file start-v5.cif (mmCIF, C-alpha atoms)
data_coords
loop_
_atom_site.label_atom_id
_atom_site.label_comp_id
_atom_site.auth_asym_id
_atom_site.auth_seq_id
_atom_site.Cartn_x
_atom_site.Cartn_y
_atom_site.Cartn_z
CA MET A 1 23.69 0.53 0.94
CA GLY A 2 20.73 -1.61 2.02
CA ASN A 3 19.62 0.56 4.94
CA SER A 4 20.41 3.85 6.67
CA ALA A 5 22.98 2.18 8.92
CA ALA A 6 24.89 0.53 6.05
CA VAL A 7 28.52 1.63 5.93
CA LEU A 8 28.57 3.34 2.53
CA ARG A 9 25.11 4.88 2.80
CA LYS A 10 25.91 6.25 6.26
CA ALA A 11 29.23 7.67 5.03
CA LEU A 12 27.48 9.47 2.18
CA THR A 13 24.69 10.72 4.44
CA ASP A 14 27.08 11.99 7.14
CA SER A 15 29.42 13.66 4.64
CA GLY A 16 27.17 16.71 4.19
CA LEU A 17 28.20 16.86 0.53
CA GLY A 18 24.64 16.42 -0.76
CA GLU A 19 21.00 16.26 0.19
CA GLN A 20 20.07 12.64 -0.55
CA VAL A 21 21.81 9.35 -1.31
CA LEU A 22 21.44 8.02 -4.85
CA GLY A 23 22.06 4.56 -6.24
CA GLY A 24 20.81 1.19 -5.14
CA ALA A 25 24.23 -0.51 -5.03
CA PHE A 26 24.13 -3.65 -7.21
CA ASP A 27 21.76 -3.83 -10.17
CA SER A 28 21.58 -7.39 -11.50
CA THR A 29 18.91 -6.72 -14.13
CA LEU A 30 21.51 -5.84 -16.79
CA GLN A 31 23.75 -8.19 -18.77
CA GLN A 32 26.71 -6.67 -16.94
CA MET A 33 25.88 -5.95 -13.32
CA VAL A 34 26.31 -2.36 -12.18
CA PHE A 35 27.24 -0.97 -8.78
CA SER A 36 26.21 2.64 -8.29
CA ALA A 37 26.38 5.06 -5.39
CA GLY A 38 26.26 8.85 -5.12
CA LEU A 39 24.44 11.93 -3.90
CA LYS A 40 22.05 14.47 -5.31
CA GLY A 41 21.76 18.12 -4.40
CA LEU A 42 25.52 18.72 -4.27
CA GLN A 43 26.79 22.05 -2.97
CA ASP A 44 28.74 22.71 -6.18
CA GLU A 45 30.16 20.87 -9.19
CA GLU A 46 33.54 20.47 -7.46
CA SER A 47 31.83 18.31 -4.83
CA SER A 48 31.44 15.55 -7.42
CA LYS A 49 35.11 14.60 -7.06
CA LYS A 50 34.77 14.61 -3.27
CA VAL A 51 31.82 12.21 -3.49
CA GLU A 52 33.77 9.88 -5.78
CA ASP A 53 36.77 9.93 -3.43
CA LEU A 54 34.51 9.22 -0.45
CA VAL A 55 32.91 6.21 -2.15
CA ILE A 56 36.29 4.75 -3.11
CA SER A 57 37.87 5.37 0.29
CA THR A 58 34.88 3.82 2.08
CA LEU A 59 35.05 0.74 -0.13
CA GLU A 60 38.80 0.48 0.55
CA THR A 61 38.13 0.59 4.29
CA CYS A 62 35.48 -2.12 3.97
CA ALA A 63 37.82 -4.30 1.92
CA GLU A 64 40.64 -3.82 4.43
CA LYS A 65 38.78 -4.04 7.75
CA GLY A 66 35.82 -6.13 6.66
CA PHE A 67 32.38 -6.17 8.25
CA SER A 68 31.30 -7.12 11.75
CA GLU A 69 29.67 -10.51 12.22
CA ALA A 70 26.52 -8.77 13.43
CA ALA A 71 26.29 -6.69 10.25
CA VAL A 72 26.82 -9.74 8.03
CA ALA A 73 24.27 -11.82 9.96
CA ALA A 74 21.71 -9.01 9.71
CA SER A 75 22.25 -8.64 5.97
CA ILE A 76 22.03 -12.37 5.27
CA ASN A 77 18.84 -12.68 7.32
CA THR A 78 17.25 -9.73 5.54
CA ILE A 79 18.07 -11.10 2.09
CA GLU A 80 16.93 -14.61 2.95
CA PHE A 81 13.68 -13.29 4.39
CA ARG A 82 12.93 -11.30 1.23
CA LEU A 83 13.67 -14.29 -0.98
CA ARG A 84 11.47 -16.64 1.03
CA GLU A 85 8.63 -14.20 1.56
CA PHE A 86 8.58 -13.05 -2.07
CA ASN A 87 6.31 -10.13 -1.26
CA THR A 88 4.99 -8.80 -4.58
CA GLY A 89 2.78 -6.10 -3.08
CA GLY A 90 -0.40 -5.81 -5.12
CA TYR A 91 1.03 -7.55 -8.18
CA PRO A 92 0.21 -11.19 -9.06
CA LYS A 93 2.99 -13.58 -8.02
CA GLY A 94 2.85 -15.34 -11.37
CA LEU A 95 3.56 -12.08 -13.18
CA MET A 96 6.45 -11.21 -10.87
CA LEU A 97 7.93 -14.71 -11.30
CA MET A 98 7.79 -14.23 -15.05
CA LEU A 99 9.49 -10.83 -14.83
CA GLY A 100 12.14 -12.30 -12.53
CA ALA A 101 12.86 -15.08 -15.01
CA LEU A 102 13.15 -12.54 -17.82
CA GLU A 103 16.04 -10.74 -16.11
CA GLY A 104 18.46 -13.43 -17.22
CA TRP A 105 16.47 -15.02 -20.01
CA ILE A 106 16.76 -11.99 -22.30
CA TYR A 107 20.55 -12.33 -22.07
CA GLY A 108 20.61 -16.04 -22.92
CA ARG A 109 20.75 -17.38 -19.37
CA ASP A 110 18.54 -20.14 -17.98
CA PRO A 111 15.31 -18.39 -16.87
CA VAL A 112 14.76 -20.88 -14.04
CA ASP A 113 18.19 -20.12 -12.58
CA GLU A 114 16.98 -16.57 -11.91
CA LEU A 115 14.35 -17.96 -9.53
CA ARG A 116 16.50 -20.48 -7.64
CA PHE A 117 18.34 -19.30 -4.54
CA GLU A 118 18.63 -22.20 -2.07
CA ALA A 119 21.94 -23.60 -3.40
CA ASP A 120 23.61 -20.20 -3.73
CA LEU A 121 22.41 -19.13 -0.30
CA ALA A 122 23.67 -22.35 1.30
CA SER A 123 27.04 -21.94 -0.44
CA LEU A 124 27.36 -18.36 0.81
CA LYS A 125 26.50 -19.37 4.37
CA ALA A 126 29.06 -22.19 4.24
CA LYS A 127 31.82 -19.83 3.12
CA LEU A 128 30.95 -17.32 5.82
CA ALA A 129 30.96 -20.11 8.43
CA LYS A 130 34.54 -20.87 7.39
CA LYS A 131 35.41 -17.19 7.97
CA GLU A 132 36.14 -16.64 4.30
CA PRO A 133 36.33 -12.91 3.40
CA VAL A 134 33.60 -13.25 0.78
CA PHE A 135 32.43 -9.66 0.63
CA GLU A 136 35.91 -8.19 1.08
CA ASN A 137 37.16 -10.19 -1.92
CA ILE A 138 34.20 -9.09 -4.04
CA ILE A 139 34.85 -5.44 -3.21
CA LYS A 140 38.53 -5.75 -4.09
CA LYS A 141 38.07 -7.72 -7.32
CA ARG A 142 34.80 -6.39 -8.70
CA LEU A 143 34.93 -2.77 -7.56
CA LEU A 144 38.33 -1.43 -6.51
CA LYS A 145 40.43 -3.27 -9.10
CA ASN A 146 37.83 -2.81 -11.78
CA GLN A 147 38.82 0.21 -13.86
CA HIS A 148 35.65 0.03 -15.97
CA ARG A 149 34.10 2.90 -14.07
CA VAL A 150 32.42 6.20 -14.88
CA THR A 151 31.45 9.22 -12.80
CA VAL A 152 28.36 11.03 -14.05
CA THR A 153 27.63 14.59 -12.93
CA MET A 154 24.30 16.17 -13.91
CA SER A 155 23.87 19.90 -13.48
CA PRO A 156 20.55 21.76 -13.89
CA ASP A 157 20.13 24.04 -16.89
CA ALA A 158 17.13 26.39 -16.88
CA ASN A 159 17.47 27.00 -20.64
CA MET A 160 17.91 23.38 -21.74
CA GLU A 161 14.26 22.66 -22.57
CA ALA A 162 13.87 25.80 -24.66
CA GLU A 163 17.16 25.17 -26.45
CA ASP A 164 16.23 21.56 -27.22
CA LEU A 165 12.84 22.67 -28.57
CA LYS A 166 14.47 25.33 -30.73
CA SER A 167 17.03 22.86 -32.07
CA GLU A 168 14.32 20.31 -32.86
CA THR A 169 12.18 22.92 -34.63
CA GLU A 170 15.12 24.07 -36.72
CA GLU A 171 16.02 20.49 -37.65
CA LEU A 172 12.44 19.76 -38.72
CA GLU A 173 12.26 22.94 -40.79
CA LYS A 174 15.52 22.00 -42.46
CA LEU A 175 14.22 18.53 -43.34
CA LYS A 176 10.93 19.95 -44.57
CA SER A 177 12.70 22.40 -46.87
CA GLN A 178 14.39 19.46 -48.60
CA PHE A 179 11.03 17.80 -49.42
CA ASN A 180 9.04 18.51 -52.55
CA PRO A 181 5.25 19.05 -52.21
CA GLU A 182 4.50 15.39 -52.99
CA GLU A 183 6.86 14.15 -50.29
CA VAL A 184 5.34 16.56 -47.73
CA LYS A 185 1.87 15.32 -48.66
CA LYS A 186 2.98 11.70 -48.26
CA VAL A 187 4.36 12.36 -44.76
CA VAL A 188 1.10 14.04 -43.73
CA GLU A 189 -0.97 11.14 -45.07
CA GLU A 190 1.20 8.54 -43.34
CA THR A 191 0.92 10.46 -40.05
CA GLU A 192 -2.86 10.64 -40.34
CA ALA A 193 -3.03 6.93 -41.17
CA LEU A 194 -0.92 6.10 -38.13
CA LYS A 195 -3.14 8.17 -35.84
CA ALA A 196 -6.26 6.52 -37.27
CA ALA A 197 -4.78 3.04 -36.73
CA GLN A 198 -3.85 3.88 -33.16
CA ALA A 199 -7.34 5.24 -32.40
CA ALA A 200 -9.22 2.37 -34.10
CA GLU A 201 -10.73 -0.42 -32.03
CA ASP A 202 -9.23 -3.88 -32.36
CA PRO A 203 -11.24 -6.30 -34.53
CA PRO A 204 -13.31 -8.98 -32.75
CA GLU A 205 -10.93 -11.77 -33.77
CA ALA A 206 -8.02 -9.91 -32.13
CA MET A 207 -10.04 -9.22 -28.98
CA ALA A 208 -10.94 -12.92 -28.79
CA THR A 209 -7.26 -13.78 -28.26
CA MET A 210 -7.17 -11.78 -25.00
CA PRO A 211 -7.67 -13.80 -21.79
CA THR A 212 -10.91 -12.94 -20.05
CA LEU A 213 -12.50 -13.66 -16.69
CA ASN A 214 -16.10 -14.82 -16.63
CA LEU A 215 -18.52 -14.82 -13.72
CA ALA A 216 -18.26 -18.62 -13.65
CA ASP A 217 -14.55 -18.27 -12.89
CA ILE A 218 -15.22 -16.32 -9.69
CA GLU A 219 -15.92 -18.09 -6.43
CA LYS A 220 -19.42 -17.27 -5.22
CA LYS A 221 -18.51 -17.93 -1.60
CA GLU A 222 -16.32 -15.38 0.10
CA ARG A 223 -13.03 -16.76 1.34
CA GLU A 224 -13.04 -17.24 5.09
CA ILE A 225 -9.89 -16.35 7.04
CA PRO A 226 -9.50 -18.56 10.14
CA ILE A 227 -9.54 -16.60 13.39
CA LYS A 228 -8.54 -17.75 16.85
CA VAL A 229 -8.90 -15.46 19.88
CA THR A 230 -7.15 -16.18 23.18
CA ASP A 231 -6.57 -14.24 26.38
CA ALA A 232 -2.99 -13.39 27.35
CA ALA A 233 -1.60 -11.72 30.45
CA GLU A 234 -3.47 -8.79 31.98
CA GLY A 235 -6.53 -9.29 29.81
CA THR A 236 -4.74 -8.75 26.50
CA LYS A 237 -6.53 -10.30 23.55
CA VAL A 238 -4.40 -12.30 21.11
CA VAL A 239 -5.93 -12.80 17.68
CA THR A 240 -4.24 -15.35 15.44
CA HIS A 241 -4.91 -16.44 11.85
CA PRO A 242 -3.53 -19.95 11.20
CA MET A 243 -2.64 -19.77 7.51
CA SER A 244 0.04 -20.87 5.06
CA THR A 245 2.67 -18.10 5.08
CA SER A 246 5.82 -19.88 3.82
CA GLY A 247 6.84 -20.55 7.40
CA ILE A 248 6.95 -16.84 8.25
CA MET A 249 5.17 -15.49 11.33
CA TYR A 250 3.69 -12.00 11.09
CA MET A 251 2.73 -10.06 14.21
CA ASP A 252 0.87 -6.80 14.67
CA LEU A 253 0.97 -5.21 18.13
CA ALA A 254 -1.84 -2.68 18.56
CA LEU A 255 -1.72 -0.06 21.31
CA ASN A 256 -4.63 2.11 22.36
CA LEU A 257 -3.89 5.83 21.91
CA ASP A 258 -6.89 7.11 23.87
CA ALA A 259 -4.59 8.45 26.58
CA LEU A 260 -2.94 10.89 24.16
CA GLU A 261 -4.03 14.51 24.17
CA VAL A 262 -5.32 15.83 20.85
CA GLU A 263 -2.50 18.37 20.61
CA ASP A 264 0.04 15.52 20.85
CA LEU A 265 -1.31 13.62 17.84
CA LYS A 266 0.69 15.78 15.42
CA TYR A 267 3.90 14.30 16.85
CA LEU A 268 2.94 10.68 16.10
CA SER A 269 4.68 10.50 12.72
CA LEU A 270 7.91 11.85 14.20
CA PHE A 271 7.64 9.45 17.14
CA GLU A 272 7.24 6.51 14.78
CA ARG A 273 10.51 7.38 13.02
CA LEU A 274 12.34 7.88 16.31
CA LEU A 275 11.34 4.39 17.48
CA THR A 276 13.39 2.72 14.75
CA GLU A 277 15.92 5.39 13.79
CA ALA A 278 17.08 7.02 17.03
CA GLY A 279 18.40 3.98 18.89
CA THR A 280 17.55 2.98 22.46
CA GLU A 281 19.05 3.36 25.91
CA ASP A 282 21.46 0.46 25.40
CA LYS A 283 21.65 0.27 21.58
CA GLY A 284 22.76 2.94 19.14
CA PHE A 285 21.09 3.45 15.77
CA GLU A 286 23.42 1.11 13.87
CA GLU A 287 23.28 -1.62 16.53
CA LEU A 288 19.49 -1.38 16.75
CA THR A 289 19.14 -1.64 12.96
CA GLN A 290 21.37 -4.70 12.88
CA TYR A 291 19.44 -6.26 15.77
CA ILE A 292 16.11 -5.77 13.99
CA ASN A 293 17.43 -7.14 10.70
CA THR A 294 19.06 -10.13 12.43
CA HIS A 295 16.01 -11.28 14.37
CA THR A 296 13.13 -10.18 12.14
CA GLY A 297 12.20 -9.62 8.53
CA GLY A 298 11.61 -5.96 9.26
CA LEU A 299 9.91 -3.76 11.84
CA GLY A 300 7.42 -1.08 10.89
CA VAL A 301 5.55 1.45 13.02
CA SER A 302 2.37 3.24 11.95
CA HIS A 303 -0.78 4.73 13.41
CA ILE A 304 -4.46 4.75 12.54
CA LEU A 305 -6.76 7.52 13.74
CA SER A 306 -10.53 7.05 13.55
CA GLN A 307 -13.55 8.75 15.01
CA LYS A 308 -15.55 6.98 17.68
CA THR A 309 -19.14 6.13 16.81
CA THR A 310 -21.78 7.58 19.12
CA GLY A 311 -24.59 5.21 18.17
CA ASN A 312 -26.74 8.08 16.88
#
call {"tool": "encode", "arguments": {"input": "start-v5.cif", "output": "C-alpha cells"}}
result
Amino acid sequence: MGNSAAVLRKALTDSGLGEQVLGGAFDSTLQQMVFSAGLKGLQDEESSKKVEDLVISTLETCAEKGFSEAAVAASINTIEFRLREFNTGGYPKGLMLMLGALEGWIYGRDPVDELRFEADLASLKAKLAKKEPVFENIIKKRLLKNQHRVTVTMSPDANMEAEDLKSETEELEKLKSQFNPEEVKKVVEETEALKAAQAAEDPPEAMATMPTLNLADIEKKEREIPIKVTDAAEGTKVVTHPMSTSGIMYMDLALNLDALEVEDLKYLSLFERLLTEAGTEDKGFEELTQYINTHTGGLGVSHILSQKTTGN
C-alpha cells in the first residue's frame, strides 16, 4: 500500500470498482494496530463485497507467492531512509519526537522504545537475509487468520443533516419541557458564565507560566550556509553545501527551460508525472518505482517559472 506500484494498492486501483484508494495499511498509533484498505466512490453498494473479496484474495496471493526480492529491498530502503532522515516538514523535531513517544506511552509502553529502530531494523534484515518468509507469515497470522475484522460501508444521504438537526431540536425541546423555570434560568446562567470564562483573558500569573522567546534568545548574526562551486563536464556548475545531514546526500538537478515554447508550458505538470509514473523504455512502472525506492530516498520532479528581469 506504500506506493502506486504496491501489490494491494495497484489491485484496488486497477479493479475499476471505485474512484480512489482508501486506507493507509497499518496504523500503529492505536493500542491494537489496525490494517485498513478500501475504495471510495464505489459504483453501487453491492460493490462493497467485491472490494472486500479483492482485498482478501490479493492478501492470499501475497501470502502464497510472496514478494520479489526487488520489491522487498525497495520497501526496506524506503522505510530505513524515512527513519534516518526523520523529516518533520515545518514542525520542530523536538515536538515530533515527543508526539512519537506518546504513541506508545499513552498505552503504558516505554516511550523511548517508540523512538528506537536500529535493533528492530537489524533483526528484520537478518531474517530476510536468511530467506525467512517474514511478511508472508505476518499476512497469514495477523490478517488472513485473524477473524477480528469489520467491513464498513458509508453511503451518502442528502437528508441526513436535516434529519439530525430535527432530531436534536426535538430532543432539546423535550428536555426543556421537563425543566421548571428555575432550572431553565440556571442552565442559561451557567451557559453565560461558561462563555464569559472562555472569552476572558488569562491572568498575568497564568501567562507567566507560558514559555516565551526574548530578543536576547535570537542570534543577531544570520546563519551562513557553506557553499562550494565547482565546474563539471561541459561547463556545468556544481553547487554543494557541506552540512550535517545524518549521512544523507540530497541532490537537485536544475534544467534550463528556455528552449520550451510558451504554448508547451501548460504540459509541464503532466510531463512531471509521466517521468516517474509512466515507466521508461526498458523499465515498466512497477520496476521503475522499485528501482527508485531501492537506490534513493525518493525522486521528485517540479518546475519553477519566473519572469526575466530587464534591468529597467
call {"tool": "residues_around", "arguments": {"input": "start-v5.cif", "residues": "range 280-297 of chain A", "least_positions_apart": "2", "cutoff": "8 Å", "atoms": "only C-alpha atoms", "output": "list in words"}}
result
Ala5, Ala6, Ala70, Ala71, Ala73, Ala74, Ser75, Asn77, Thr78, Phe81, Arg82, Thr276, Glu277, Ala278 and Leu299 of chain A
call {"tool": "resolve_selection", "arguments": {"input": "start-v5.cif", "expression": "the PyMOL selection byres ((chain A and resi 250) around 10)", "output": "ChimeraX atom specification"}}
result
/A:240-241,245,247-249,251-252,296-297
call {"tool": "atom_distance", "arguments": {"input": "start-v5.cif", "atom1": "CA of Glu19 in chain A", "atom2": "CA of Ser47 in chain A"}}
result
12.1 Å
call {"tool": "closest_atom_pairs", "arguments": {"input": "start-v5.cif", "of": "range 137-210 of chain A", "to": "range 23-36 of chain A", "cutoff": "12 Å", "atoms": "all atoms listed in the file", "output": "JSON lines"}}
result
{"residue": "A:Ile138", "atom": "CA", "partner": "A:Phe35", "partner_atom": "CA", "distance": 11.7}
{"residue": "A:Ile139", "atom": "CA", "partner": "A:Phe35", "partner_atom": "CA", "distance": 10.4}
{"residue": "A:Arg142", "atom": "CA", "partner": "A:Phe35", "partner_atom": "CA", "distance": 9.3}
{"residue": "A:Leu143", "atom": "CA", "partner": "A:Phe35", "partner_atom": "CA", "distance": 8.0}
{"residue": "A:Leu144", "atom": "CA", "partner": "A:Phe35", "partner_atom": "CA", "distance": 11.3}
{"residue": "A:Asn146", "atom": "CA", "partner": "A:Phe35", "partner_atom": "CA", "distance": 11.2}
{"residue": "A:His148", "atom": "CA", "partner": "A:Val34", "partner_atom": "CA", "distance": 10.4}
{"residue": "A:Arg149", "atom": "CA", "partner": "A:Phe35", "partner_atom": "CA", "distance": 9.5}
{"residue": "A:Val150", "atom": "CA", "partner": "A:Ser36", "partner_atom": "CA", "distance": 9.7}
{"residue": "A:Thr151", "atom": "CA", "partner": "A:Ser36", "partner_atom": "CA", "distance": 9.5}
{"residue": "A:Val152", "atom": "CA", "partner": "A:Ser36", "partner_atom": "CA", "distance": 10.4}
call {"tool": "residues_near_point", "arguments": {"input": "start-v5.cif", "point": "(40.2, -5.1, 1.1)", "cutoff": "10 Å", "atoms": "all atoms listed in the file", "output": "list in words"}}
result
Leu59, Glu60, Thr61, Cys62, Ala63, Glu64, Lys65, Gly66, Pro133, Phe135, Glu136, Asn137, Ile138, Ile139, Lys140, Lys141 and Leu144 of chain A
call {"tool": "atom_distance", "arguments": {"input": "start-v5.cif", "atom1": "CA of Leu22 in chain A", "atom2": "CA of Gly38 in chain A"}}
result
4.9 Å
call {"tool": "axis_aligned_box", "arguments": {"input": "start-v5.cif", "around": "range 220-236 of chain A", "padding_each_side": "6 Å", "output": "lines of an AutoDock Vina configuration file"}}
result
center_x = -10.5
center_y = -13.7
center_z = 13.4
size_x = 29.8
size_y = 21.8
size_z = 49.2
call {"tool": "atom_distance", "arguments": {"input": "start-v5.cif", "atom1": "CA of Gln307 in chain A", "atom2": "CA of Glu261 in chain A"}}
result
14.4 Å
call {"tool": "residues_around", "arguments": {"input": "start-v5.cif", "residues": "Lys228 in chain A", "least_positions_apart": "3", "cutoff": "12 Å", "atoms": "all atoms listed in the file", "output": "ChimeraX atom specification"}}
result
/A:225,231,237-243
call {"tool": "closest_residue", "arguments": {"input": "start-v5.cif", "among": "A:Leu42, A:Leu275, A:Met160, A:Leu128", "to": "Gly300 in chain A", "atoms": "all atoms listed in the file"}}
result
A:Leu275
call {"tool": "closest_residue", "arguments": {"input": "start-v5.cif", "among": "A:Glu201, A:Val21, A:Val184, A:Ala208", "to": "Leu172 in chain A", "atoms": "only C-alpha atoms"}}
result
A:Val184
call {"tool": "resolve_selection", "arguments": {"input": "start-v5.cif", "expression": "the PyMOL selection byres ((chain A and resi 12) around 12)", "output": "MDAnalysis selection string"}}
result
chainID A and resid 1 4:11 13:23 37:40 42 50:59
call {"tool": "decode", "arguments": {"input": "start-v5.cif", "residues": "range 120-132 of chain A", "atoms": "N, CA, C and O atoms", "output": "PDB file, in the first residue's frame"}}
result
ATOM      1  N   ASP A 120      15.503  -3.346  15.830  1.00  0.00           N
ATOM      2  CA  ASP A 120      14.418  -3.997  15.096  1.00  0.00           C
ATOM      3  C   ASP A 120      14.731  -4.071  13.606  1.00  0.00           C
ATOM      4  O   ASP A 120      14.444  -5.079  12.946  1.00  0.00           O
ATOM      5  N   LEU A 121      15.309  -3.003  13.076  1.00  0.00           N
ATOM      6  CA  LEU A 121      15.652  -2.981  11.650  1.00  0.00           C
ATOM      7  C   LEU A 121      16.732  -4.021  11.338  1.00  0.00           C
ATOM      8  O   LEU A 121      16.645  -4.732  10.331  1.00  0.00           O
ATOM      9  N   ALA A 122      17.731  -4.118  12.203  1.00  0.00           N
ATOM     10  CA  ALA A 122      18.801  -5.100  12.005  1.00  0.00           C
ATOM     11  C   ALA A 122      18.247  -6.520  12.090  1.00  0.00           C
ATOM     12  O   ALA A 122      18.648  -7.398  11.314  1.00  0.00           O
ATOM     13  N   SER A 123      17.326  -6.749  13.029  1.00  0.00           N
ATOM     14  CA  SER A 123      16.719  -8.071  13.176  1.00  0.00           C
ATOM     15  C   SER A 123      15.928  -8.450  11.926  1.00  0.00           C
ATOM     16  O   SER A 123      15.999  -9.582  11.452  1.00  0.00           O
ATOM     17  N   LEU A 124      15.165  -7.485  11.394  1.00  0.00           N
ATOM     18  CA  LEU A 124      14.385  -7.734  10.186  1.00  0.00           C
ATOM     19  C   LEU A 124      15.287  -8.060   9.002  1.00  0.00           C
ATOM     20  O   LEU A 124      15.034  -9.011   8.249  1.00  0.00           O
ATOM     21  N   LYS A 125      16.359  -7.284   8.853  1.00  0.00           N
ATOM     22  CA  LYS A 125      17.289  -7.523   7.746  1.00  0.00           C
ATOM     23  C   LYS A 125      17.938  -8.896   7.864  1.00  0.00           C
ATOM     24  O   LYS A 125      18.142  -9.591   6.857  1.00  0.00           O
ATOM     25  N   ALA A 126      18.258  -9.305   9.094  1.00  0.00           N
ATOM     26  CA  ALA A 126      18.882 -10.610   9.308  1.00  0.00           C
ATOM     27  C   ALA A 126      17.939 -11.741   8.919  1.00  0.00           C
ATOM     28  O   ALA A 126      18.348 -12.727   8.288  1.00  0.00           O
ATOM     29  N   LYS A 127      16.678 -11.610   9.270  1.00  0.00           N
ATOM     30  CA  LYS A 127      15.693 -12.632   8.915  1.00  0.00           C
ATOM     31  C   LYS A 127      15.494 -12.711   7.403  1.00  0.00           C
ATOM     32  O   LYS A 127      15.384 -13.802   6.837  1.00  0.00           O
ATOM     33  N   LEU A 128      15.456 -11.562   6.768  1.00  0.00           N
ATOM     34  CA  LEU A 128      15.291 -11.542   5.316  1.00  0.00           C
ATOM     35  C   LEU A 128      16.519 -12.141   4.621  1.00  0.00           C
ATOM     36  O   LEU A 128      16.396 -12.803   3.589  1.00  0.00           O
ATOM     37  N   ALA A 129      17.709 -11.902   5.193  1.00  0.00           N
ATOM     38  CA  ALA A 129      18.926 -12.460   4.614  1.00  0.00           C
ATOM     39  C   ALA A 129      18.918 -13.984   4.676  1.00  0.00           C
ATOM     40  O   ALA A 129      19.525 -14.652   3.829  1.00  0.00           O
ATOM     41  N   LYS A 130      18.231 -14.529   5.669  1.00  0.00           N
ATOM     42  CA  LYS A 130      18.111 -15.987   5.812  1.00  0.00           C
ATOM     43  C   LYS A 130      16.952 -16.550   4.985  1.00  0.00           C
ATOM     44  O   LYS A 130      16.628 -17.723   5.101  1.00  0.00           O
ATOM     45  N   LYS A 131      16.334 -15.688   4.178  1.00  0.00           N
ATOM     46  CA  LYS A 131      15.214 -16.080   3.315  1.00  0.00           C
ATOM     47  C   LYS A 131      13.979 -16.486   4.114  1.00  0.00           C
ATOM     48  O   LYS A 131      13.143 -17.283   3.643  1.00  0.00           O
ATOM     49  N   GLU A 132      13.851 -15.955   5.311  1.00  0.00           N
ATOM     50  CA  GLU A 132      12.652 -16.251   6.100  1.00  0.00           C
ATOM     51  C   GLU A 132      11.456 -15.503   5.506  1.00  0.00           C
ATOM     52  O   GLU A 132      11.572 -14.327   5.137  1.00  0.00           O
TER      53      GLU A 132
END
